[in-house]
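For reference, the structure discussed in these notes is given below.
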Amino acid sequence: MKIHPLRILLALSVVLTIFFLAGGETVWAVQGGGQSVSASLNRSGFAPAPGKPGPGSVKPPPPFLAICKDGLYSIGGVVALEIKDLKPGYCVEAILWNPRFQIRRIPEDAGKPLAHLLFLRVYYAGRLTYEILPGEGTVEACYALPPEKQGQFYFFDFYGMRFKKLTRPPLTWDPIETRTDTEKKTACAFTQVSGVYALVGK
């Protein structure tokens, strides 16, 4: 079957017209679970192009971040995440979770979550890994303490079995070392391990 050169020229012109009307920007789509997400990518990298807030409004910090370099980041305006000395190849994914996740496993005398949970995943060379190894970077999360409250960080080892750190599913949340700044009214802890973190108190 002979393809007429005029048809090729018309098809090429349609493709080029669509490209130029889109401003030369790439559009990506992710499909799964019956949902699709598409976003325009800016020319400087892989982050979605930022939306413009309405007049007189301030766009709140996102409840999800993927971070591959040092800095101080706000996750949804709830958690401050400070990353230092992160070695190349590591990335940290942080997302806020509903405080009802597995709360029945928090020790009864500890209290209850004082804010949304922090679900943190560590990646190395693009693959999920259990933790940032000693000497290869630090990740510290800080919550603001509510008035008249005392807080303690707890950790739920969500990936313990997957990485063979546990032989059975975790039965409880474990307290981890927490640093409280009474002047700034914050509670902080190092969050180097993939899993779920909560600020718990009464």
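The chains in the structure tokens are called A, B, ... from first to last as shown; in each chain the residues are counted from 1, and the ligands are counted from 1 in the order shown.
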Name the residues in contact with Pro61 (chain A) at a cut-off of 9 Å, using only C-alpha atoms, excluding same-chain residues fewer than 4 positions from it; report them as a list in words.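 Result of the neighbour search: Tyr73, Ser74, Ile75, Gly76, Gly77 and Val78 of chain A.
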Do you know which residues are at most 9 Å from Ile95 (chain A) counting only C-alpha atoms, after dropping those on the same chain fewer than 3 positions away, and could you put them as JSON, numbers by chain? {"A": [62, 63, 64, 65, 66, 75, 76, 117, 118, 119, 120, 121]}
For the residues in that selection, give me N, CA, C and O atoms as a PDB file, in the first residue's frame.
```pdb
ATOM      1  N   PRO A  62       2.467  21.965  50.825  1.00  0.00           N
ATOM      2  CA  PRO A  62       1.841  20.708  50.395  1.00  0.00           C
ATOM      3  C   PRO A  62       1.936  19.632  51.471  1.00  0.00           C
ATOM      4  O   PRO A  62       2.884  19.596  52.246  1.00  0.00           O
ATOM      5  N   PRO A  63       0.944  18.722  51.530  1.00  0.00           N
ATOM      6  CA  PRO A  63       0.986  17.625  52.508  1.00  0.00           C
ATOM      7  C   PRO A  63       1.862  16.470  52.051  1.00  0.00           C
ATOM      8  O   PRO A  63       1.957  15.453  52.720  1.00  0.00           O
ATOM      9  N   PHE A  64       2.501  16.613  50.889  1.00  0.00           N
ATOM     10  CA  PHE A  64       3.377  15.573  50.351  1.00  0.00           C
ATOM     11  C   PHE A  64       4.596  16.221  49.717  1.00  0.00           C
ATOM     12  O   PHE A  64       4.466  17.194  48.979  1.00  0.00           O
ATOM     13  N   LEU A  65       5.774  15.701  50.017  1.00  0.00           N
ATOM     14  CA  LEU A  65       7.004  16.193  49.397  1.00  0.00           C
ATOM     15  C   LEU A  65       7.935  15.029  49.092  1.00  0.00           C
ATOM     16  O   LEU A  65       8.009  14.067  49.853  1.00  0.00           O
ATOM     17  N   ALA A  66       8.657  15.140  47.989  1.00  0.00           N
ATOM     18  CA  ALA A  66       9.756  14.236  47.672  1.00  0.00           C
ATOM     19  C   ALA A  66      11.018  15.094  47.650  1.00  0.00           C
ATOM     20  O   ALA A  66      11.114  16.048  46.882  1.00  0.00           O
ATOM     21  N   ILE A  75       5.832  20.198  55.870  1.00  0.00           N
ATOM     22  CA  ILE A  75       4.907  19.213  55.316  1.00  0.00           C
ATOM     23  C   ILE A  75       3.496  19.590  55.768  1.00  0.00           C
ATOM     24  O   ILE A  75       3.127  19.412  56.926  1.00  0.00           O
ATOM     25  N   GLY A  76       2.749  20.183  54.863  1.00  0.00           N
ATOM     26  CA  GLY A  76       1.372  20.570  55.154  1.00  0.00           C
ATOM     27  C   GLY A  76       1.218  21.595  56.249  1.00  0.00           C
ATOM     28  O   GLY A  76       0.133  21.763  56.794  1.00  0.00           O
ATOM     29  N   LEU A 117      -0.184  12.177  61.396  1.00  0.00           N
ATOM     30  CA  LEU A 117       1.012  11.336  61.414  1.00  0.00           C
ATOM     31  C   LEU A 117       1.917  11.673  60.241  1.00  0.00           C
ATOM     32  O   LEU A 117       1.461  12.189  59.218  1.00  0.00           O
ATOM     33  N   LEU A 118       3.201  11.362  60.400  1.00  0.00           N
ATOM     34  CA  LEU A 118       4.179  11.558  59.338  1.00  0.00           C
ATOM     35  C   LEU A 118       4.570  10.188  58.790  1.00  0.00           C
ATOM     36  O   LEU A 118       5.179   9.383  59.487  1.00  0.00           O
ATOM     37  N   PHE A 119       4.188   9.923  57.549  1.00  0.00           N
ATOM     38  CA  PHE A 119       4.582   8.680  56.873  1.00  0.00           C
ATOM     39  C   PHE A 119       5.793   9.019  56.011  1.00  0.00           C
ATOM     40  O   PHE A 119       5.714   9.835  55.099  1.00  0.00           O
ATOM     41  N   LEU A 120       6.915   8.399  56.350  1.00  0.00           N
ATOM     42  CA  LEU A 120       8.173   8.752  55.700  1.00  0.00           C
ATOM     43  C   LEU A 120       8.766   7.524  55.010  1.00  0.00           C
ATOM     44  O   LEU A 120       8.803   6.432  55.583  1.00  0.00           O
ATOM     45  N   ARG A 121       9.219   7.716  53.764  1.00  0.00           N
ATOM     46  CA  ARG A 121       9.865   6.643  53.016  1.00  0.00           C
ATOM     47  C   ARG A 121      11.221   7.127  52.528  1.00  0.00           C
ATOM     48  O   ARG A 121      11.333   8.232  51.981  1.00  0.00           O
TER      49      ARG A 121
END
```
Counting only C-alpha atoms, which residue out of A:Gly151, A:Gly160, A:Pro170, A:Gly126 sits closest to Tyr90 (chain A)? A:Gly126
By how many Å are CA of Leu128 (chain A) and CA of Val193 (chain A) apart?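 Taking CA of Leu128 (chain A) as the start and CA of Val193 (chain A) as the end point, the length is 10.9 Å.
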Can you pull out the residues contacting Phe163 (chain A)? Cut-off 12 Å, using only C-alpha atoms, and skip same-chain residues under 6 positions away; I want them as a CSV table (one decimal) with C-alpha atoms, in the first residue's frame.
```
chain,number,residue,atom,x,y,z
A,128,LEU,CA,12.7,2.1,48.6
A,129,THR,CA,15.2,1.3,51.4
A,130,TYR,CA,14.8,0.8,55.1
A,131,GLU,CA,16.9,3.7,56.4
A,157,ASP,CA,7.7,0.0,61.9
A,169,PRO,CA,4.0,-7.6,62.1
A,193,VAL,CA,13.9,5.0,59.1
A,194,SER,CA,11.0,4.3,56.6
A,195,GLY,CA,7.8,4.1,58.5
```
Of the candidates A:Thr167, A:Thr172, A:Gln150, A:Thr178, which shows the shortest atom-to-atom distance to Val196 (chain A), using only C-alpha atoms?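 The answer is A:Thr172, which sits nearest to Val196 (chain A).
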Quick one, how far is CA of Phe156 (chain A) from CA of Val200 (chain A)?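 These two atoms are separated by 12.2 Å.
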If you count only C-alpha atoms, which residues fall within 12 Å of Glu148 (chain A), apart from same-chain ones fewer than 3 positions away, as a VMD selection string? chain A and resid 114 144 to 145 151 182 185 201 to 202
Spatial neighbours of Gln152 (chain A), max dist 12 Å, only C-alpha atoms, sep filter under 2 positions, as a VMD selection string: chain A and resid 106 to 107 109 to 115 142 to 145 149 to 150 154 to 155 173 to 180 186 to 189 197 to 202
